[in-house]
Amino acid sequence: MIPREAVRVLVSNWDGNHTVPSRRLYPHQWSWDSAFIAIGHSRWSPRRGRAELLSLLGAQWRDGRVPHIVFNPRVPEGAYFPGPAFWQVRAPSGTATSGIVQPPVHALAAWKTHLAEPDPAFLRRVYPRLVAQQEFLRAARRSPEGLISIVHPWESGMDNSPAWDQPLQAVHDRPSGYVRRDLNTVDADERPTDRDYDRYVALAAAYRDSGYRAPGAFQVEDPLFNAAYGQAEHVLALIAAELGLDPEPHRREAAAVTAAMVTHLWDGVLFQPRDLVSGRMIRSGSAAGLTPLLLPGLPGDVVERLISTALDRFALKDGVLPSFSPASPEFDPVRYWRGPSWVNLSWLIWQGLSEHRPELARPVAEGIVRVVTRSGFREYFDPLTLRGHGCSDFSWSAALLLDLVA
Ligand code: 9WN
């Protein structure tokens with residue numbers, strides 16, 4: 001029943017060569033959504049999983065960046081803000097896109113899609129594009145410490161995480177003359193505030209006006225983004241070996257970023273972001289700090305300590321993981337990335353636990369199944385009451401559920 005319903009959601013959100021995250025709220029193709037969605041598609045139609053990733057990578061820029069939104073030209077400008085008229089940019093393919101990126105979870109998706117139905121021709125097509133995606137991050141965003149930075153909260157995928165409250169203080173502009181479209185679909189109490197939006201728009205406009213080159217007032221090294229980047233290198237080594245290419249450079253890069261994360265982002269309890277503008281670590285209770293479990297080379301003592309944190313501060317054994325620790329004062333169980341449980345974040349932590357401590361991965365998988373069975377394929381869930389929030393028929397909730405049960 002549940003797998004059939006999940007496929008129904010994915011089919012109803014399919015738009016010819018990609019899947020929208022949600023028909024009304026997000027009517028275009030989003031970067032990391034497509035990776036999670038491809039993983040789900042590959043459980044029932046590997047061909048669709050491959051098409052999903054190929055259409056996204058088809059909008060890659062010449063510098064290797066994979067844009068966070070690929071706009072569907074048939075969708076009217078007013079359906080989503082900020083749309084193509086705001087970003088003012090086209091990929092070499094001619095498609096309108098945004099100019100920022102999202103966590104690079106696509107190599108993992110490509111590998112899982114390949115494992116579902118081995119297809120060396122697909123791997124040969126995507127491998128150079130996935131490598132170019134990583135090269136863009138190294139060329140444009142790598143600090144001397146070897147970590148990758150993001151230049152906008154949207155790049156983290158966890159837009160209004162309390163972890164960004166402090167670095168966002170540096171953004172003073174209050175742009176006017178734009179209209180939020182998200183509040184047409186979702187209650188204002190469950191979305192970022194207008195003040196947050198002003199800052200998002202100001203930052204994106206400044207980056208756009210620099211030709212998508214110069215970071216502005218927000219520049220942060222995020223543990224989730226770096227964990228995804230490091231894990232991508234680990235997976236690219238597997239893909240390279242499969243294609244008869246040299247996996248060693250990828251293994252070395254995965255080891256190097258893992259070591260840099262332990263040196264610069266580990267506070268002894270949880271991985272934390274680092275604010276490059278102030279030069280300081282941002283101490284927060286974000287569950288992004290658990291995602292370095294994705295790194296196979298994470299030292300054993302760090303893994304053990306991180307798991308204790310997950311048990312004590314994120315109720316790991318209950319299985320329904322909050323995006324922000326309920327022990328922190330900023331925790332809000334219904335407002336977007338300030339506490340609600342999200343299927344993709346829980347799935348990433350499940351994936352990491354499966355690698356290091358499979359017996360602890362099981363409650364997380366069961367927790368995902370429990371919230372979805374109770375409340376449907378909602379965008380996010382109150383981790384205390386399990387009530388669903390945000391939009392309905394949300395694609396990655398369906399896709400990753402399918403990955404766990406199919
Ligand atoms: C901005 C599509 C995206 C997700 C993000 C999530 C939300 C967009 C928005 O929706 O962000 O990119 O308009 O709020 O935060 O993770 O990729 O599902």
# chains A, B, ... in the order shown; residues from 1 in each chain; ligands from 1
call {"tool": "residues_near_ligand", "arguments": {"ligand": "ligand 1", "cutoff": "7 Å", "atoms": "only C-alpha atoms and all ligand atoms", "output": "PyMOL selection string"}}
result
chain A and resi 21+26+30-33+68+154+157-159+182
call {"tool": "write_last_selection", "arguments": {"atoms": "C-alpha atoms", "output": "mmCIF file, in the first residue's frame"}}
result
data_model
loop_
_atom_site.group_PDB
_atom_site.id
_atom_site.type_symbol
_atom_site.label_atom_id
_atom_site.label_comp_id
_atom_site.auth_asym_id
_atom_site.auth_seq_id
_atom_site.Cartn_x
_atom_site.Cartn_y
_atom_site.Cartn_z
ATOM 1 C CA PRO A 21 9.359 18.575 -5.545
ATOM 2 C CA TYR A 26 7.992 24.116 -6.076
ATOM 3 C CA TRP A 30 15.519 21.359 -7.743
ATOM 4 C CA SER A 31 19.047 20.028 -7.537
ATOM 5 C CA TRP A 32 19.282 17.927 -4.381
ATOM 6 C CA ASP A 33 15.602 17.006 -4.600
ATOM 7 C CA HIS A 68 19.966 24.667 -7.522
ATOM 8 C CA TRP A 154 19.517 28.225 0.185
ATOM 9 C CA GLY A 157 19.235 23.108 1.637
ATOM 10 C CA MET A 158 18.237 23.960 5.244
ATOM 11 C CA ASP A 159 17.291 27.565 4.530
ATOM 12 C CA ASP A 182 5.290 30.434 -0.901
#
call {"tool": "closest_atom_pairs", "arguments": {"of": "stretch 267-299 of chain A", "to": "stretch 135-149 of chain A", "cutoff": "10 Å", "atoms": "only C-alpha atoms", "output": "CSV"}}
result
residue,atom,partner,partner_atom,distance
A:Pro273,CA,A:Ser149,CA,9.6
A:Arg274,CA,A:Ser149,CA,9.0
A:Asp275,CA,A:Ser149,CA,9.1
A:Leu276,CA,A:Ser149,CA,8.2
call {"tool": "atom_distance", "arguments": {"atom1": "atom CA of A:Ala254", "atom2": "atom CA of A:Gln272"}}
result
18.7 Å
call {"tool": "residues_around", "arguments": {"residues": "A:Val201", "least_positions_apart": "4", "cutoff": "9 Å", "atoms": "only C-alpha atoms", "output": "MDAnalysis selection string"}}
result
chainID A and resid 82 174:175 178 196:197 205:206
call {"tool": "residues_around", "arguments": {"residues": "A:Tyr212", "least_positions_apart": "4", "cutoff": "10 Å", "atoms": "only C-alpha atoms", "output": "number ranges by chain"}}
result
A: 87, 89, 98-100, 204-208
call {"tool": "write_last_selection", "arguments": {"atoms": "C-alpha atoms", "output": "PDB file, in the first residue's frame"}}
result
ATOM      1  CA  TRP A  87      18.250  35.077 -11.683  1.00  0.00           C
ATOM      2  CA  VAL A  89      20.930  33.447 -16.394  1.00  0.00           C
ATOM      3  CA  SER A  98      19.378  29.817 -10.719  1.00  0.00           C
ATOM      4  CA  GLY A  99      23.041  30.626 -10.042  1.00  0.00           C
ATOM      5  CA  ILE A 100      23.626  29.010  -6.659  1.00  0.00           C
ATOM      6  CA  ALA A 204      21.043  36.311  -4.068  1.00  0.00           C
ATOM      7  CA  ALA A 205      20.787  39.690  -5.846  1.00  0.00           C
ATOM      8  CA  ALA A 206      24.327  40.671  -4.754  1.00  0.00           C
ATOM      9  CA  TYR A 207      25.752  37.348  -5.926  1.00  0.00           C
ATOM     10  CA  ARG A 208      23.890  37.675  -9.238  1.00  0.00           C
TER      11      ARG A 208
END
call {"tool": "atom_distance", "arguments": {"atom1": "atom CA of A:Asp15", "atom2": "atom CA of A:Ala132"}}
result
26.3 Å
call {"tool": "atom_distance", "arguments": {"atom1": "atom CA of A:Thr263", "atom2": "atom CA of A:Trp347"}}
result
25.8 Å
call {"tool": "residues_around", "arguments": {"residues": "A:Pro103", "least_positions_apart": "3", "cutoff": "9 Å", "atoms": "only C-alpha atoms", "output": "list of chain:residue names"}}
result
A:Ser31, A:Trp32, A:His106, A:Glu155, A:Ser156, A:Gly157, A:Leu224, A:Phe225, A:Asn226, A:Ala227, A:Ala228, A:Tyr229
call {"tool": "write_last_selection", "arguments": {"atoms": "C-alpha atoms", "output": "compact mmCIF listing (two decimals), in the first residue's frame"}}
result
# COMPACT_ATOMS: atom_id res chain seq x y z
CA SER A 31 19.05 20.03 -7.54
CA TRP A 32 19.28 17.93 -4.38
CA HIS A 106 24.25 13.46 -6.81
CA GLU A 155 22.78 26.47 -0.73
CA SER A 156 22.65 24.55 2.54
CA GLY A 157 19.23 23.11 1.64
CA LEU A 224 26.22 18.80 5.72
CA PHE A 225 27.55 20.35 2.52
CA ASN A 226 31.10 19.21 3.29
CA ALA A 227 29.95 15.72 4.29
CA ALA A 228 28.09 15.44 0.97
CA TYR A 229 31.16 16.72 -0.88
call {"tool": "residues_around", "arguments": {"residues": "A:Leu400", "least_positions_apart": "5", "cutoff": "8 Å", "atoms": "only C-alpha atoms", "output": "ChimeraX atom specification"}}
result
/A:36-37,39-40,343-344,347
call {"tool": "select_by_dssp", "arguments": {"residues": "stretch 201-246 of chain A", "states": "helix (DSSP H, G or I)", "output": "PyMOL selection string"}}
result
chain A and resi 201-209+223-242
call {"tool": "closest_atom_pairs", "arguments": {"of": "stretch 212-279 of chain A", "to": "stretch 298-304 of chain A", "cutoff": "10 Å", "atoms": "only C-alpha atoms", "output": "JSON lines"}}
result
{"residue": "A:Ala255", "atom": "CA", "partner": "A:Leu298", "partner_atom": "CA", "distance": 8.6}
{"residue": "A:Thr258", "atom": "CA", "partner": "A:Leu298", "partner_atom": "CA", "distance": 6.5}
{"residue": "A:Ala259", "atom": "CA", "partner": "A:Leu298", "partner_atom": "CA", "distance": 8.0}
{"residue": "A:Met261", "atom": "CA", "partner": "A:Leu298", "partner_atom": "CA", "distance": 9.4}
{"residue": "A:Val262", "atom": "CA", "partner": "A:Leu298", "partner_atom": "CA", "distance": 8.2}
{"residue": "A:Trp266", "atom": "CA", "partner": "A:Val302", "partner_atom": "CA", "distance": 8.6}
{"residue": "A:Gly268", "atom": "CA", "partner": "A:Val302", "partner_atom": "CA", "distance": 7.8}
{"residue": "A:Val269", "atom": "CA", "partner": "A:Val302", "partner_atom": "CA", "distance": 8.4}
{"residue": "A:Leu270", "atom": "CA", "partner": "A:Val302", "partner_atom": "CA", "distance": 9.0}
{"residue": "A:Phe271", "atom": "CA", "partner": "A:Val302", "partner_atom": "CA", "distance": 9.8}
call {"tool": "write_last_selection", "arguments": {"atoms": "N, CA and C atoms", "output": "PDB file, in the first residue's frame"}}
result
ATOM      1  N   ALA A 255      39.583  11.507   1.959  1.00  0.00           N
ATOM      2  CA  ALA A 255      40.317  11.455   3.234  1.00  0.00           C
ATOM      3  C   ALA A 255      40.703  12.864   3.684  1.00  0.00           C
ATOM      4  N   THR A 258      37.677  14.791   5.041  1.00  0.00           N
ATOM      5  CA  THR A 258      37.275  14.207   6.323  1.00  0.00           C
ATOM      6  C   THR A 258      38.195  14.734   7.434  1.00  0.00           C
ATOM      7  N   ALA A 259      39.481  14.719   7.165  1.00  0.00           N
ATOM      8  CA  ALA A 259      40.442  15.200   8.177  1.00  0.00           C
ATOM      9  C   ALA A 259      40.220  16.686   8.454  1.00  0.00           C
ATOM     10  N   MET A 261      37.490  18.369   8.189  1.00  0.00           N
ATOM     11  CA  MET A 261      36.253  18.557   8.961  1.00  0.00           C
ATOM     12  C   MET A 261      36.494  18.268  10.437  1.00  0.00           C
ATOM     13  N   VAL A 262      37.247  17.189  10.706  1.00  0.00           N
ATOM     14  CA  VAL A 262      37.507  16.855  12.116  1.00  0.00           C
ATOM     15  C   VAL A 262      38.346  17.964  12.761  1.00  0.00           C
ATOM     16  N   TRP A 266      34.628  20.106  14.073  1.00  0.00           N
ATOM     17  CA  TRP A 266      34.210  19.206  15.153  1.00  0.00           C
ATOM     18  C   TRP A 266      34.409  19.912  16.479  1.00  0.00           C
ATOM     19  N   GLY A 268      33.791  18.463  19.408  1.00  0.00           N
ATOM     20  CA  GLY A 268      33.954  17.447  20.451  1.00  0.00           C
ATOM     21  C   GLY A 268      32.647  16.748  20.767  1.00  0.00           C
ATOM     22  N   VAL A 269      31.520  17.311  20.277  1.00  0.00           N
ATOM     23  CA  VAL A 269      30.196  16.756  20.550  1.00  0.00           C
ATOM     24  C   VAL A 269      29.404  16.588  19.247  1.00  0.00           C
ATOM     25  N   LEU A 270      29.513  17.608  18.399  1.00  0.00           N
ATOM     26  CA  LEU A 270      28.742  17.683  17.161  1.00  0.00           C
ATOM     27  C   LEU A 270      29.580  18.442  16.131  1.00  0.00           C
ATOM     28  N   PHE A 271      29.366  18.156  14.829  1.00  0.00           N
ATOM     29  CA  PHE A 271      30.016  18.986  13.804  1.00  0.00           C
ATOM     30  C   PHE A 271      29.234  20.301  13.695  1.00  0.00           C
TER      31      PHE A 271
END
call {"tool": "select_by_dssp", "arguments": {"residues": "stretch 176-337 of chain A", "states": "strand (DSSP E or B)", "output": "list in words"}}
result
Val220, Glu221, Trp266, Phe271, Arg274, Asp275, Arg280, Met281, Ser286 and Phe324 of chain A
call {"tool": "closest_residue", "arguments": {"among": "A:Leu353, A:Ala202, A:Ala96, A:Leu53", "to": "A:Trp111", "atoms": "only C-alpha atoms"}}
result
A:Leu53
call {"tool": "closest_residue", "arguments": {"among": "A:Pro322, A:Gly352, A:Pro223, A:Pro3", "to": "A:Gly289", "atoms": "only C-alpha atoms"}}
result
A:Pro223
call {"tool": "closest_residue", "arguments": {"among": "A:Arg90, A:Arg195, A:Arg378, A:Arg23", "to": "A:Trp342", "atoms": "only C-alpha atoms"}}
result
A:Arg378
call {"tool": "closest_atom_pairs", "arguments": {"of": "stretch 110-200 of chain A", "to": "stretch 331-337 of chain A", "cutoff": "8 Å", "atoms": "only C-alpha atoms", "output": "JSON lines"}}
result
{"residue": "A:Met158", "atom": "CA", "partner": "A:Trp337", "partner_atom": "CA", "distance": 5.6}
{"residue": "A:Asp159", "atom": "CA", "partner": "A:Trp337", "partner_atom": "CA", "distance": 6.7}
{"residue": "A:Asn160", "atom": "CA", "partner": "A:Trp337", "partner_atom": "CA", "distance": 5.7}
{"residue": "A:Ser161", "atom": "CA", "partner": "A:Trp337", "partner_atom": "CA", "distance": 5.0}
{"residue": "A:Pro162", "atom": "CA", "partner": "A:Trp337", "partner_atom": "CA", "distance": 7.9}
{"residue": "A:Asp189", "atom": "CA", "partner": "A:Arg335", "partner_atom": "CA", "distance": 6.2}
{"residue": "A:Glu190", "atom": "CA", "partner": "A:Arg335", "partner_atom": "CA", "distance": 4.1}
{"residue": "A:Arg191", "atom": "CA", "partner": "A:Tyr336", "partner_atom": "CA", "distance": 5.5}
{"residue": "A:Pro192", "atom": "CA", "partner": "A:Tyr336", "partner_atom": "CA", "distance": 7.0}
call {"tool": "residues_around", "arguments": {"residues": "A:His114", "least_positions_apart": "2", "cutoff": "12 Å", "atoms": "only C-alpha atoms", "output": "ChimeraX atom specification"}}
result
/A:38-39,41-43,45-50,53,107-112,116-127,235,238-239,242
call {"tool": "write_last_selection", "arguments": {"atoms": "C-alpha atoms", "output": "PDB file, in the first residue's frame"}}
result
ATOM      1  CA  ALA A  38      16.266   9.542  -8.544  1.00  0.00           C
ATOM      2  CA  ILE A  39      17.075   7.166  -5.669  1.00  0.00           C
ATOM      3  CA  HIS A  41      12.611   6.239  -8.931  1.00  0.00           C
ATOM      4  CA  SER A  42      15.351   3.672  -9.314  1.00  0.00           C
ATOM      5  CA  ARG A  43      13.367   1.390  -6.940  1.00  0.00           C
ATOM      6  CA  SER A  45      11.778   2.531 -12.693  1.00  0.00           C
ATOM      7  CA  PRO A  46      15.587   2.799 -12.968  1.00  0.00           C
ATOM      8  CA  ARG A  47      15.074   4.357 -16.407  1.00  0.00           C
ATOM      9  CA  ARG A  48      13.271   7.281 -14.754  1.00  0.00           C
ATOM     10  CA  GLY A  49      15.999   7.544 -12.120  1.00  0.00           C
ATOM     11  CA  ARG A  50      18.598   7.901 -14.868  1.00  0.00           C
ATOM     12  CA  LEU A  53      19.759  12.836 -13.065  1.00  0.00           C
ATOM     13  CA  ALA A 107      27.185  11.024  -7.053  1.00  0.00           C
ATOM     14  CA  LEU A 108      25.530   8.917  -4.363  1.00  0.00           C
ATOM     15  CA  ALA A 109      22.252   9.046  -6.309  1.00  0.00           C
ATOM     16  CA  ALA A 110      23.979   8.062  -9.563  1.00  0.00           C
ATOM     17  CA  TRP A 111      25.704   5.146  -7.865  1.00  0.00           C
ATOM     18  CA  LYS A 112      22.483   3.907  -6.246  1.00  0.00           C
ATOM     19  CA  ALA A 116      19.450  -0.765  -8.984  1.00  0.00           C
ATOM     20  CA  GLU A 117      20.035  -1.644 -12.654  1.00  0.00           C
ATOM     21  CA  PRO A 118      23.686  -1.729 -13.722  1.00  0.00           C
ATOM     22  CA  ASP A 119      24.231   0.533 -16.714  1.00  0.00           C
ATOM     23  CA  PRO A 120      27.888   1.345 -17.505  1.00  0.00           C
ATOM     24  CA  ALA A 121      26.845   3.692 -20.354  1.00  0.00           C
ATOM     25  CA  PHE A 122      24.919   5.810 -17.829  1.00  0.00           C
ATOM     26  CA  LEU A 123      27.885   5.842 -15.451  1.00  0.00           C
ATOM     27  CA  ARG A 124      30.208   6.866 -18.288  1.00  0.00           C
ATOM     28  CA  ARG A 125      27.893   9.775 -19.132  1.00  0.00           C
ATOM     29  CA  VAL A 126      27.488  11.097 -15.623  1.00  0.00           C
ATOM     30  CA  TYR A 127      31.000  10.530 -14.259  1.00  0.00           C
ATOM     31  CA  VAL A 235      31.464   7.357  -4.299  1.00  0.00           C
ATOM     32  CA  LEU A 238      33.725   3.494  -6.621  1.00  0.00           C
ATOM     33  CA  ILE A 239      32.428   4.749  -9.974  1.00  0.00           C
ATOM     34  CA  GLU A 242      33.858   0.396 -12.038  1.00  0.00           C
TER      35      GLU A 242
END
call {"tool": "closest_residue", "arguments": {"among": "A:Arg24, A:Arg199, A:Arg252, A:Arg62", "to": "A:Phe394", "atoms": "only C-alpha atoms"}}
result
A:Arg24
